[in-house]
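Novice: This is protein_29.tsv, which holds TSV, N, CA and C atoms:
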```
chain	number	residue	atom	x	y	z
A	1	MET	N	0.83	-1.19	0.00
A	1	MET	CA	0.00	0.00	0.00
A	1	MET	C	0.87	1.25	0.00
A	2	ARG	N	2.00	1.21	0.67
A	2	ARG	CA	2.87	2.38	0.73
A	2	ARG	C	3.46	2.71	-0.64
A	3	ARG	N	3.71	1.69	-1.46
A	3	ARG	CA	4.27	1.92	-2.79
A	3	ARG	C	3.24	2.53	-3.74
A	4	ILE	N	1.99	2.21	-3.54
A	4	ILE	CA	0.93	2.71	-4.42
A	4	ILE	C	0.73	4.20	-4.20
A	5	ILE	N	0.77	4.67	-2.99
A	5	ILE	CA	0.50	6.08	-2.68
A	5	ILE	C	1.50	6.99	-3.39
A	6	PRO	N	2.83	6.76	-3.31
A	6	PRO	CA	3.73	7.65	-4.05
A	6	PRO	C	3.47	7.62	-5.56
A	7	SER	N	3.09	6.45	-6.10
A	7	SER	CA	2.80	6.36	-7.52
A	7	SER	C	1.57	7.18	-7.89
A	8	VAL	N	0.55	7.12	-7.05
A	8	VAL	CA	-0.66	7.88	-7.28
A	8	VAL	C	-0.36	9.38	-7.18
A	9	VAL	N	0.43	9.78	-6.22
A	9	VAL	CA	0.81	11.19	-6.06
A	9	VAL	C	1.61	11.64	-7.28
A	10	ALA	N	2.55	10.83	-7.74
A	10	ALA	CA	3.35	11.18	-8.91
A	10	ALA	C	2.47	11.32	-10.15
A	11	LEU	N	1.52	10.42	-10.30
A	11	LEU	CA	0.60	10.49	-11.43
A	11	LEU	C	-0.24	11.77	-11.36
A	12	GLY	N	-0.69	12.10	-10.17
A	12	GLY	CA	-1.47	13.33	-9.99
A	12	GLY	C	-0.66	14.56	-10.34
A	13	VAL	N	0.60	14.59	-9.96
A	13	VAL	CA	1.47	15.72	-10.29
A	13	VAL	C	1.64	15.83	-11.81
A	14	LEU	N	1.87	14.70	-12.47
A	14	LEU	CA	2.03	14.70	-13.93
A	14	LEU	C	0.77	15.19	-14.63
A	15	LEU	N	-0.38	14.72	-14.19
A	15	LEU	CA	-1.63	15.15	-14.80
A	15	LEU	C	-1.88	16.64	-14.58
A	16	THR	N	-1.54	17.14	-13.40
A	16	THR	CA	-1.69	18.56	-13.11
A	16	THR	C	-0.78	19.39	-14.00
A	17	MET	N	0.46	18.92	-14.18
A	17	MET	CA	1.40	19.64	-15.03
A	17	MET	C	0.93	19.63	-16.49
A	18	ALA	N	0.41	18.52	-16.95
A	18	ALA	CA	-0.07	18.42	-18.33
A	18	ALA	C	-1.24	19.36	-18.54
A	19	GLY	N	-2.13	19.43	-17.58
A	19	GLY	CA	-3.27	20.34	-17.67
A	19	GLY	C	-2.83	21.78	-17.67
A	20	ALA	N	-1.82	22.10	-16.88
A	20	ALA	CA	-1.32	23.46	-16.81
A	20	ALA	C	-0.65	23.87	-18.12
A	21	SER	N	0.01	22.93	-18.78
A	21	SER	CA	0.68	23.28	-20.03
A	21	SER	C	-0.33	23.54	-21.14
A	22	ARG	N	-1.51	22.91	-21.08
A	22	ARG	CA	-2.53	23.16	-22.09
A	22	ARG	C	-3.36	24.38	-21.75
A	23	ALA	N	-3.40	24.74	-20.49
A	23	ALA	CA	-4.16	25.92	-20.10
A	23	ALA	C	-3.57	27.13	-20.80
A	24	GLY	N	-4.40	27.97	-21.35
A	24	GLY	CA	-3.93	29.16	-22.03
A	24	GLY	C	-3.62	28.92	-23.50
A	25	GLN	N	-3.75	27.70	-23.98
A	25	GLN	CA	-3.45	27.42	-25.38
A	25	GLN	C	-4.41	28.17	-26.30
A	26	GLU	N	-5.65	28.32	-25.86
A	26	GLU	CA	-6.66	29.03	-26.64
A	26	GLU	C	-6.19	30.44	-26.99
A	27	GLU	N	-5.51	31.11	-26.07
A	27	GLU	CA	-5.06	32.47	-26.32
A	27	GLU	C	-3.95	32.53	-27.36
A	28	GLN	N	-3.30	31.40	-27.63
A	28	GLN	CA	-2.21	31.39	-28.60
A	28	GLN	C	-2.72	31.45	-30.03
A	29	PHE	N	-3.99	31.10	-30.24
A	29	PHE	CA	-4.53	31.10	-31.58
A	29	PHE	C	-5.10	32.47	-31.91
A	30	THR	N	-4.67	33.01	-33.02
A	30	THR	CA	-5.16	34.30	-33.46
A	30	THR	C	-6.50	34.10	-34.17
A	31	PRO	N	-7.28	35.16	-34.33
A	31	PRO	CA	-8.60	35.00	-34.95
A	31	PRO	C	-8.57	34.35	-36.33
A	32	GLU	N	-7.49	34.54	-37.11
A	32	GLU	CA	-7.47	33.95	-38.44
A	32	GLU	C	-7.36	32.43	-38.42
A	33	PHE	N	-7.04	31.84	-37.26
A	33	PHE	CA	-7.01	30.39	-37.15
A	33	PHE	C	-8.35	29.84	-36.64
A	34	LYS	N	-9.27	30.71	-36.26
A	34	LYS	CA	-10.55	30.26	-35.73
A	34	LYS	C	-11.67	30.31	-36.76
A	35	THR	N	-11.64	31.29	-37.63
A	35	THR	CA	-12.71	31.51	-38.60
A	35	THR	C	-12.20	31.23	-40.01
A	36	PRO	N	-12.95	30.45	-40.78
A	36	PRO	CA	-12.50	30.19	-42.16
A	36	PRO	C	-12.42	31.47	-42.98
A	37	HIS	N	-11.44	31.53	-43.87
A	37	HIS	CA	-11.31	32.65	-44.80
A	37	HIS	C	-12.36	32.48	-45.90
A	38	THR	N	-13.08	33.55	-46.20
A	38	THR	CA	-14.06	33.51	-47.28
A	38	THR	C	-13.65	34.42	-48.43
A	39	SER	N	-12.57	35.15	-48.26
A	39	SER	CA	-12.08	36.00	-49.34
A	39	SER	C	-11.37	35.13	-50.38
A	40	TYR	N	-11.11	35.70	-51.55
A	40	TYR	CA	-10.47	34.95	-52.62
A	40	TYR	C	-8.96	35.01	-52.50
A	41	ASP	N	-8.32	33.86	-52.63
A	41	ASP	CA	-6.87	33.76	-52.69
A	41	ASP	C	-6.55	32.69	-53.74
A	42	ALA	N	-5.75	33.05	-54.72
A	42	ALA	CA	-5.50	32.16	-55.86
A	42	ALA	C	-4.96	30.79	-55.46
A	43	LYS	N	-4.16	30.71	-54.41
A	43	LYS	CA	-3.55	29.43	-54.02
A	43	LYS	C	-4.32	28.68	-52.94
A	44	HIS	N	-5.25	29.34	-52.23
A	44	HIS	CA	-5.89	28.71	-51.09
A	44	HIS	C	-7.39	28.51	-51.20
A	45	THR	N	-8.07	29.32	-51.99
A	45	THR	CA	-9.52	29.21	-52.09
A	45	THR	C	-9.89	27.93	-52.84
A	46	PRO	N	-10.77	27.11	-52.25
A	46	PRO	CA	-11.19	25.88	-52.95
A	46	PRO	C	-12.00	26.22	-54.21
A	47	LYS	N	-11.91	25.35	-55.18
A	47	LYS	CA	-12.70	25.47	-56.40
A	47	LYS	C	-13.65	24.28	-56.44
A	48	ILE	N	-14.94	24.56	-56.55
A	48	ILE	CA	-15.97	23.51	-56.57
A	48	ILE	C	-16.46	23.33	-58.00
A	49	VAL	N	-16.37	22.10	-58.49
A	49	VAL	CA	-16.91	21.76	-59.81
A	49	VAL	C	-18.04	20.76	-59.58
A	50	ALA	N	-19.27	21.23	-59.85
A	50	ALA	CA	-20.47	20.41	-59.65
A	50	ALA	C	-21.57	20.95	-60.55
A	51	PRO	N	-22.55	20.11	-60.88
A	51	PRO	CA	-23.66	20.63	-61.70
A	51	PRO	C	-24.46	21.69	-60.94
A	52	ASP	N	-25.12	22.56	-61.68
A	52	ASP	CA	-25.96	23.59	-61.06
A	52	ASP	C	-27.27	23.00	-60.54
A	53	SER	N	-27.70	21.90	-61.19
A	53	SER	CA	-28.96	21.27	-60.82
A	53	SER	C	-28.84	19.75	-60.99
A	54	VAL	N	-29.48	19.02	-60.08
A	54	VAL	CA	-29.48	17.56	-60.12
A	54	VAL	C	-30.88	17.05	-59.80
A	55	LYS	N	-31.12	15.77	-60.07
A	55	LYS	CA	-32.40	15.16	-59.70
A	55	LYS	C	-32.30	14.64	-58.27
A	56	ARG	N	-33.39	14.68	-57.58
A	56	ARG	CA	-33.45	14.21	-56.19
A	56	ARG	C	-33.00	12.75	-56.10
A	57	GLY	N	-32.05	12.47	-55.21
A	57	GLY	CA	-31.57	11.11	-54.97
A	57	GLY	C	-30.58	10.59	-56.00
A	58	GLN	N	-30.31	11.35	-57.04
A	58	GLN	CA	-29.38	10.92	-58.09
A	58	GLN	C	-27.94	11.18	-57.66
A	59	TRP	N	-27.07	10.18	-57.83
A	59	TRP	CA	-25.66	10.34	-57.51
A	59	TRP	C	-25.00	11.26	-58.52
A	60	PHE	N	-24.14	12.14	-58.04
A	60	PHE	CA	-23.38	13.02	-58.92
A	60	PHE	C	-22.04	13.34	-58.27
A	61	ASP	N	-21.10	13.78	-59.08
A	61	ASP	CA	-19.76	14.08	-58.59
A	61	ASP	C	-19.59	15.55	-58.27
A	62	VAL	N	-18.87	15.79	-57.19
A	62	VAL	CA	-18.45	17.13	-56.80
A	62	VAL	C	-16.94	17.06	-56.64
A	63	THR	N	-16.22	17.82	-57.46
A	63	THR	CA	-14.77	17.84	-57.36
A	63	THR	C	-14.33	19.14	-56.71
A	64	VAL	N	-13.51	19.01	-55.69
A	64	VAL	CA	-12.97	20.17	-54.99
A	64	VAL	C	-11.46	20.13	-55.15
A	65	SER	N	-10.92	21.20	-55.70
A	65	SER	CA	-9.47	21.34	-55.80
A	65	SER	C	-9.08	22.61	-55.06
A	66	VAL	N	-7.91	22.61	-54.47
A	66	VAL	CA	-7.47	23.76	-53.69
A	66	VAL	C	-6.55	24.61	-54.56
A	67	GLY	N	-6.92	25.87	-54.64
A	67	GLY	CA	-6.20	26.81	-55.48
A	67	GLY	C	-7.05	27.14	-56.69
A	68	ALA	N	-8.01	28.04	-56.51
A	68	ALA	CA	-8.92	28.40	-57.60
A	68	ALA	C	-8.18	29.04	-58.77
A	69	GLY	N	-7.00	29.61	-58.50
A	69	GLY	CA	-6.22	30.25	-59.56
A	69	GLY	C	-4.95	29.50	-59.88
A	70	GLY	N	-4.74	28.34	-59.30
A	70	GLY	CA	-3.54	27.53	-59.51
A	70	GLY	C	-3.45	26.48	-58.42
A	71	ASP	N	-2.63	25.49	-58.62
A	71	ASP	CA	-2.54	24.40	-57.65
A	71	ASP	C	-1.82	24.81	-56.37
A	72	HIS	N	-2.36	24.38	-55.25
A	72	HIS	CA	-1.70	24.58	-53.95
A	72	HIS	C	-0.56	23.57	-53.85
A	73	PRO	N	0.57	23.94	-53.27
A	73	PRO	CA	1.67	22.99	-53.13
A	73	PRO	C	1.33	21.84	-52.18
A	74	SER	N	2.01	20.74	-52.35
A	74	SER	CA	1.86	19.59	-51.46
A	74	SER	C	3.26	19.17	-51.01
A	75	LEU	N	3.83	19.97	-50.13
A	75	LEU	CA	5.17	19.74	-49.59
A	75	LEU	C	5.06	19.34	-48.13
A	76	SER	N	6.06	18.70	-47.61
A	76	SER	CA	5.98	18.28	-46.20
A	76	SER	C	5.82	19.48	-45.27
A	77	GLU	N	6.41	20.62	-45.61
A	77	GLU	CA	6.32	21.80	-44.74
A	77	GLU	C	5.13	22.70	-45.06
A	78	HIS	N	4.45	22.47	-46.17
A	78	HIS	CA	3.32	23.31	-46.55
A	78	HIS	C	2.39	22.49	-47.44
A	79	HIS	N	1.28	22.07	-46.88
A	79	HIS	CA	0.32	21.26	-47.63
A	79	HIS	C	-1.09	21.48	-47.09
A	80	VAL	N	-2.05	20.90	-47.76
A	80	VAL	CA	-3.45	20.95	-47.33
A	80	VAL	C	-3.71	19.73	-46.44
A	81	ARG	N	-4.17	19.99	-45.22
A	81	ARG	CA	-4.43	18.89	-44.26
A	81	ARG	C	-5.66	18.08	-44.64
A	82	TYR	N	-6.74	18.79	-45.00
A	82	TYR	CA	-7.98	18.10	-45.36
A	82	TYR	C	-8.82	18.96	-46.28
A	83	ILE	N	-9.75	18.30	-46.95
A	83	ILE	CA	-10.79	18.96	-47.73
A	83	ILE	C	-12.11	18.39	-47.22
A	84	ALA	N	-13.03	19.29	-46.85
A	84	ALA	CA	-14.33	18.87	-46.33
A	84	ALA	C	-15.43	19.44	-47.21
A	85	LEU	N	-16.51	18.67	-47.38
A	85	LEU	CA	-17.65	19.11	-48.17
A	85	LEU	C	-18.87	19.17	-47.26
A	86	TYR	N	-19.58	20.29	-47.33
A	86	TYR	CA	-20.79	20.52	-46.53
A	86	TYR	C	-21.95	20.79	-47.47
A	87	LYS	N	-23.15	20.44	-47.01
A	87	LYS	CA	-24.40	20.88	-47.64
A	87	LYS	C	-25.05	21.76	-46.60
A	88	ASP	N	-25.07	23.05	-46.85
A	88	ASP	CA	-25.47	24.06	-45.88
A	88	ASP	C	-24.56	23.92	-44.65
A	89	ALA	N	-25.10	23.59	-43.47
A	89	ALA	CA	-24.25	23.48	-42.26
A	89	ALA	C	-23.86	22.04	-41.94
A	90	ALA	N	-24.37	21.06	-42.69
A	90	ALA	CA	-24.10	19.65	-42.38
A	90	ALA	C	-22.89	19.15	-43.17
A	91	GLU	N	-21.92	18.58	-42.46
A	91	GLU	CA	-20.77	18.02	-43.14
A	91	GLU	C	-21.16	16.71	-43.82
A	92	ILE	N	-20.84	16.59	-45.10
A	92	ILE	CA	-21.15	15.39	-45.87
A	92	ILE	C	-19.97	14.43	-45.84
A	93	ALA	N	-18.77	14.97	-46.07
A	93	ALA	CA	-17.58	14.12	-46.14
A	93	ALA	C	-16.34	14.95	-45.88
A	94	ARG	N	-15.27	14.26	-45.49
A	94	ARG	CA	-13.98	14.91	-45.24
A	94	ARG	C	-12.89	13.93	-45.63
A	95	VAL	N	-11.88	14.43	-46.34
A	95	VAL	CA	-10.75	13.60	-46.74
A	95	VAL	C	-9.48	14.26	-46.20
A	96	TYR	N	-8.70	13.47	-45.47
A	96	TYR	CA	-7.41	13.94	-44.97
A	96	TYR	C	-6.34	13.60	-46.00
A	97	LEU	N	-5.45	14.56	-46.25
A	97	LEU	CA	-4.44	14.41	-47.28
A	97	LEU	C	-3.05	14.26	-46.66
A	98	HIS	N	-2.24	13.47	-47.30
A	98	HIS	CA	-0.87	13.28	-46.87
A	98	HIS	C	0.02	14.22	-47.68
A	99	PRO	N	0.97	14.89	-47.04
A	99	PRO	CA	1.86	15.76	-47.81
A	99	PRO	C	2.69	14.93	-48.79
A	100	VAL	N	3.06	15.53	-49.87
A	100	VAL	CA	3.90	14.98	-50.92
A	100	VAL	C	3.15	13.93	-51.75
A	101	TYR	N	2.46	12.96	-51.13
A	101	TYR	CA	1.81	11.87	-51.85
A	101	TYR	C	0.40	12.19	-52.34
A	102	SER	N	-0.23	13.23	-51.78
A	102	SER	CA	-1.62	13.55	-52.13
A	102	SER	C	-1.72	14.93	-52.75
A	103	ALA	N	-2.33	14.99	-53.91
A	103	ALA	CA	-2.62	16.28	-54.53
A	103	ALA	C	-3.84	16.87	-53.82
A	104	PRO	N	-3.92	18.18	-53.70
A	104	PRO	CA	-5.07	18.80	-53.03
A	104	PRO	C	-6.29	18.87	-53.94
A	105	LYS	N	-6.78	17.70	-54.33
A	105	LYS	CA	-7.94	17.60	-55.21
A	105	LYS	C	-8.68	16.32	-54.85
A	106	VAL	N	-10.00	16.42	-54.65
A	106	VAL	CA	-10.81	15.28	-54.24
A	106	VAL	C	-12.13	15.31	-55.00
A	107	THR	N	-12.62	14.13	-55.39
A	107	THR	CA	-13.95	14.03	-55.99
A	107	THR	C	-14.84	13.24	-55.05
A	108	PHE	N	-15.94	13.88	-54.65
A	108	PHE	CA	-16.94	13.25	-53.80
A	108	PHE	C	-18.12	12.84	-54.69
A	109	THR	N	-18.70	11.69	-54.45
A	109	THR	CA	-19.92	11.28	-55.14
A	109	THR	C	-21.04	11.31	-54.11
A	110	ILE	N	-22.02	12.18	-54.33
A	110	ILE	CA	-23.07	12.41	-53.34
A	110	ILE	C	-24.45	12.41	-54.01
A	111	ALA	N	-25.48	12.37	-53.20
A	111	ALA	CA	-26.87	12.53	-53.63
A	111	ALA	C	-27.56	13.45	-52.63
A	112	LEU	N	-28.48	14.27	-53.12
A	112	LEU	CA	-29.17	15.23	-52.25
A	112	LEU	C	-30.68	15.05	-52.34
A	113	ASP	N	-31.36	15.37	-51.24
A	113	ASP	CA	-32.82	15.36	-51.21
A	113	ASP	C	-33.40	16.72	-51.58
A	114	ASP	N	-32.66	17.77	-51.25
A	114	ASP	CA	-33.13	19.11	-51.54
A	114	ASP	C	-31.95	20.01	-51.87
A	115	GLY	N	-32.28	21.14	-52.48
A	115	GLY	CA	-31.26	22.09	-52.89
A	115	GLY	C	-30.70	22.86	-51.70
A	116	GLY	N	-29.69	23.63	-51.98
A	116	GLY	CA	-29.06	24.43	-50.94
A	116	GLY	C	-27.69	24.89	-51.39
A	117	ARG	N	-26.83	25.03	-50.44
A	117	ARG	CA	-25.49	25.54	-50.72
A	117	ARG	C	-24.45	24.47	-50.42
A	118	LEU	N	-23.66	24.09	-51.42
A	118	LEU	CA	-22.51	23.22	-51.18
A	118	LEU	C	-21.37	24.12	-50.74
A	119	ARG	N	-20.70	23.72	-49.67
A	119	ARG	CA	-19.57	24.48	-49.15
A	119	ARG	C	-18.35	23.57	-49.08
A	120	ALA	N	-17.23	24.06	-49.56
A	120	ALA	CA	-15.98	23.32	-49.48
A	120	ALA	C	-15.04	24.06	-48.55
A	121	LEU	N	-14.44	23.32	-47.63
A	121	LEU	CA	-13.43	23.88	-46.74
A	121	LEU	C	-12.13	23.13	-46.96
A	122	SER	N	-11.04	23.86	-47.02
A	122	SER	CA	-9.72	23.25	-47.10
A	122	SER	C	-8.83	23.95	-46.09
A	123	GLU	N	-8.06	23.17	-45.36
A	123	GLU	CA	-7.21	23.75	-44.33
A	123	GLU	C	-5.75	23.46	-44.62
A	124	PRO	N	-4.96	24.51	-44.92
A	124	PRO	CA	-3.53	24.32	-45.11
A	124	PRO	C	-2.83	24.28	-43.75
A	125	THR	N	-1.57	23.93	-43.77
A	125	THR	CA	-0.82	23.78	-42.51
A	125	THR	C	-0.49	25.10	-41.84
A	126	HIS	N	-0.58	26.21	-42.53
A	126	HIS	CA	-0.11	27.47	-41.96
A	126	HIS	C	-1.21	28.49	-41.65
A	127	SER	N	-2.47	28.14	-41.87
A	127	SER	CA	-3.54	29.10	-41.57
A	127	SER	C	-4.84	28.37	-41.31
A	128	ALA	N	-5.86	29.15	-41.05
A	128	ALA	CA	-7.20	28.58	-40.87
A	128	ALA	C	-7.71	28.07	-42.21
A	129	ALA	N	-8.84	27.41	-42.17
A	129	ALA	CA	-9.45	26.86	-43.38
A	129	ALA	C	-9.87	27.98	-44.32
A	130	TRP	N	-9.95	27.64	-45.59
A	130	TRP	CA	-10.46	28.52	-46.62
A	130	TRP	C	-11.77	27.92	-47.12
A	131	GLU	N	-12.74	28.78	-47.43
A	131	GLU	CA	-14.06	28.31	-47.80
A	131	GLU	C	-14.53	28.88	-49.12
A	132	ALA	N	-15.23	28.05	-49.88
A	132	ALA	CA	-15.92	28.49	-51.10
A	132	ALA	C	-17.28	27.81	-51.10
A	133	SER	N	-18.23	28.36	-51.84
A	133	SER	CA	-19.55	27.75	-51.87
A	133	SER	C	-20.15	27.84	-53.27
A	134	LYS	N	-21.15	27.00	-53.49
A	134	LYS	CA	-21.87	26.95	-54.77
A	134	LYS	C	-23.31	26.54	-54.48
A	135	THR	N	-24.24	27.28	-55.03
A	135	THR	CA	-25.65	26.94	-54.86
A	135	THR	C	-26.03	25.85	-55.85
A	136	ILE	N	-26.80	24.89	-55.36
A	136	ILE	CA	-27.24	23.79	-56.20
A	136	ILE	C	-28.75	23.59	-56.00
A	137	SER	N	-29.46	23.34	-57.11
A	137	SER	CA	-30.90	23.09	-56.99
A	137	SER	C	-31.15	21.60	-57.24
A	138	VAL	N	-32.24	21.12	-56.64
A	138	VAL	CA	-32.59	19.71	-56.77
A	138	VAL	C	-34.02	19.64	-57.30
A	139	ALA	N	-34.17	18.94	-58.43
A	139	ALA	CA	-35.49	18.75	-59.05
A	139	ALA	C	-36.06	17.41	-58.57
A	140	PRO	N	-37.40	17.34	-58.44
A	140	PRO	CA	-38.01	16.09	-57.98
A	140	PRO	C	-37.80	14.92	-58.92
```
Please re-express this file's structure in structure tokens.

Specialist:
Amino acid sequence: MRRIIPSVVALGVLLTMAGASRAGQEEQFTPEFKTPHTSYDAKHTPKIVAPDSVKRGQWFDVTVSVGAGGDHPSLSEHHVRYIALYKDAAEIARVYLHPVYSAPKVTFTIALDDGGRLRALSEPTHSAAWEASKTISVAP
């Protein structure tokens, strides 16, 4: 029993120290890392290629590439972490990309019940996510 108590105390100290090191981490993030960028940037803004209108329940492709004005690099020190696709506020899918081996381009095959706004988010390693959107209508 005597050996357990020092171990429990040591564990408690470690957990307290770990919690203290994470405390205040929120203040380290600047606002540009919290809110997605919606302005246009040739290398970071996602480009959405999808039909303007589809039939209800019909599968169709949505291709999202990062860099509406040119390809975003895929280097170990600077790459796109993920590309996510939303329909209005609901996330449909997300693909995580590996640096060097993955190009920042993904094709999702989806079906919709109703129209709305498709939103693509892409997050590079050095800033907050970048967002683009496209309105899509759904016919019965």

Novice: Could you give me, as number ranges by chain, the residues within 7 Å of Pro46 (chain A), counting only C-alpha atoms and dropping anything in the same chain fewer than 3 positions from it?

Specialist: A: 64-68, 120-122, 130-132

Novice: Select, counting all atoms listed in the file, all protein, DNA and RNA residues no farther than 6.5 Å from (-2.8, 24.6, -53.3) in file coordinates, and express the selection as a list in words.

Specialist: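 In the file's frame, the residues around the point are Lys43, His44, Val66, Gly67, Gly70, Asp71, His72, Pro73, Ser74 and Pro104 of chain A.
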
Novice: Which distance in Å separates atom C of Lys134 (chain A) and atom C of Ala84 (chain A), to one decimal?

Specialist: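 We find that atom C of Lys134 (chain A) and atom C of Ala84 (chain A) lie 12.9 Å from each other.
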
Novice: With all atoms listed in the file as the basis for distance, which of A:Tyr96, A:Phe108, A:Tyr40, A:Trp59 is at the shortest distance from Arg81 (chain A)?

Specialist: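 Smallest distance to Arg81 (chain A) is found for A:Tyr96.
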
Novice: Please, what distance in Å, to one decimal, runs between CA of Thr45 (chain A) and CA of Ile110 (chain A)?

Specialist: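 Those two atoms sit 21.6 Å apart.
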
Novice: Give the answer as one residue: which of A:Gly69, A:Asp88, A:Leu118, A:Asp113 has the shortest atom-to-atom distance to Asp41 (chain A), using all atoms listed in the file?

Specialist: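 For Asp41 (chain A), the nearest of the given residues is A:Gly69.
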
Novice: Interatomic distance between CA of Val49 (chain A) and CA of Ala89 (chain A)?

Specialist: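 That distance, rounded to one decimal, is 19.1 Å.
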
Novice: So which one's closest to Ala103 (chain A), A:His37, A:His79, A:Lys47, A:Arg119? Using only C-alpha atoms, please.

Specialist: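 Nearest to Ala103 (chain A): A:His79.
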
Novice: Around all the atoms of region 40-51 of chain A listed in the file, draw an axis-aligned box and extend it by 6 Å on each of the six sides; I want its centre and edge lengths in Å to one decimal, as lines of an AutoDock Vina configuration file.

Specialist:
```
center_x = -14.0
center_y = 27.9
center_z = -56.4
size_x = 32.9
size_y = 27.6
size_z = 22.6
```

Novice: How would you write, as a short mmCIF file (atom, residue, chain, number, x, y, z; two decimals) with N, CA and C atoms, keeping the file's coordinate frame, the set of residues in region 30-97 of chain A that DSSP gives as strand (DSSP E)?

Specialist:
```
data_model
loop_
_atom_site.label_atom_id
_atom_site.label_comp_id
_atom_site.auth_asym_id
_atom_site.auth_seq_id
_atom_site.Cartn_x
_atom_site.Cartn_y
_atom_site.Cartn_z
N PRO A 46 -10.77 27.11 -52.25
CA PRO A 46 -11.19 25.88 -52.95
C PRO A 46 -12.00 26.22 -54.21
N LYS A 47 -11.91 25.35 -55.18
CA LYS A 47 -12.70 25.47 -56.40
C LYS A 47 -13.65 24.28 -56.44
N ILE A 48 -14.94 24.56 -56.55
CA ILE A 48 -15.97 23.51 -56.57
C ILE A 48 -16.46 23.33 -58.00
N VAL A 49 -16.37 22.10 -58.49
CA VAL A 49 -16.91 21.76 -59.81
C VAL A 49 -18.04 20.76 -59.58
N SER A 53 -27.70 21.90 -61.19
CA SER A 53 -28.96 21.27 -60.82
C SER A 53 -28.84 19.75 -60.99
N VAL A 54 -29.48 19.02 -60.08
CA VAL A 54 -29.48 17.56 -60.12
C VAL A 54 -30.88 17.05 -59.80
N LYS A 55 -31.12 15.77 -60.07
CA LYS A 55 -32.40 15.16 -59.70
C LYS A 55 -32.30 14.64 -58.27
N PHE A 60 -24.14 12.14 -58.04
CA PHE A 60 -23.38 13.02 -58.92
C PHE A 60 -22.04 13.34 -58.27
N ASP A 61 -21.10 13.78 -59.08
CA ASP A 61 -19.76 14.08 -58.59
C ASP A 61 -19.59 15.55 -58.27
N VAL A 62 -18.87 15.79 -57.19
CA VAL A 62 -18.45 17.13 -56.80
C VAL A 62 -16.94 17.06 -56.64
N THR A 63 -16.22 17.82 -57.46
CA THR A 63 -14.77 17.84 -57.36
C THR A 63 -14.33 19.14 -56.71
N VAL A 64 -13.51 19.01 -55.69
CA VAL A 64 -12.97 20.17 -54.99
C VAL A 64 -11.46 20.13 -55.15
N SER A 65 -10.92 21.20 -55.70
CA SER A 65 -9.47 21.34 -55.80
C SER A 65 -9.08 22.61 -55.06
N VAL A 66 -7.91 22.61 -54.47
CA VAL A 66 -7.47 23.76 -53.69
C VAL A 66 -6.55 24.61 -54.56
N VAL A 80 -2.05 20.90 -47.76
CA VAL A 80 -3.45 20.95 -47.33
C VAL A 80 -3.71 19.73 -46.44
N ARG A 81 -4.17 19.99 -45.22
CA ARG A 81 -4.43 18.89 -44.26
C ARG A 81 -5.66 18.08 -44.64
N TYR A 82 -6.74 18.79 -45.00
CA TYR A 82 -7.98 18.10 -45.36
C TYR A 82 -8.82 18.96 -46.28
N ILE A 83 -9.75 18.30 -46.95
CA ILE A 83 -10.79 18.96 -47.73
C ILE A 83 -12.11 18.39 -47.22
N ALA A 84 -13.03 19.29 -46.85
CA ALA A 84 -14.33 18.87 -46.33
C ALA A 84 -15.43 19.44 -47.21
N LEU A 85 -16.51 18.67 -47.38
CA LEU A 85 -17.65 19.11 -48.17
C LEU A 85 -18.87 19.17 -47.26
N TYR A 86 -19.58 20.29 -47.33
CA TYR A 86 -20.79 20.52 -46.53
C TYR A 86 -21.95 20.79 -47.47
N LYS A 87 -23.15 20.44 -47.01
CA LYS A 87 -24.40 20.88 -47.64
C LYS A 87 -25.05 21.76 -46.60
N ALA A 90 -24.37 21.06 -42.69
CA ALA A 90 -24.10 19.65 -42.38
C ALA A 90 -22.89 19.15 -43.17
N GLU A 91 -21.92 18.58 -42.46
CA GLU A 91 -20.77 18.02 -43.14
C GLU A 91 -21.16 16.71 -43.82
N ILE A 92 -20.84 16.59 -45.10
CA ILE A 92 -21.15 15.39 -45.87
C ILE A 92 -19.97 14.43 -45.84
N ALA A 93 -18.77 14.97 -46.07
CA ALA A 93 -17.58 14.12 -46.14
C ALA A 93 -16.34 14.95 -45.88
N ARG A 94 -15.27 14.26 -45.49
CA ARG A 94 -13.98 14.91 -45.24
C ARG A 94 -12.89 13.93 -45.63
N VAL A 95 -11.88 14.43 -46.34
CA VAL A 95 -10.75 13.60 -46.74
C VAL A 95 -9.48 14.26 -46.20
N TYR A 96 -8.70 13.47 -45.47
CA TYR A 96 -7.41 13.94 -44.97
C TYR A 96 -6.34 13.60 -46.00
#
```

Novice: Measuring atom to atom with all atoms listed in the file, identify which of A:Pro99, A:Pro140, A:Gly116, A:Pro36 is nearest to Arg56 (chain A).

Specialist: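 Counting all atoms listed in the file, the residue closest to Arg56 (chain A) is A:Pro140.
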
Novice: List as a ChimeraX atom specification the protein and nucleic acid residues near Pro51 (chain A), meaning an atom at most 7 Å away when only N, CA and C atoms are counted, but skip any in the same chain fewer than 5 places from it.

Specialist: /A:61-62,135-137

Novice: I need the residue nearest His78 (chain A) from this list: A:Ser53, A:Ser133, A:Ala111, A:Val100. Use all atoms listed in the file for the distance.

Specialist: A:Val100
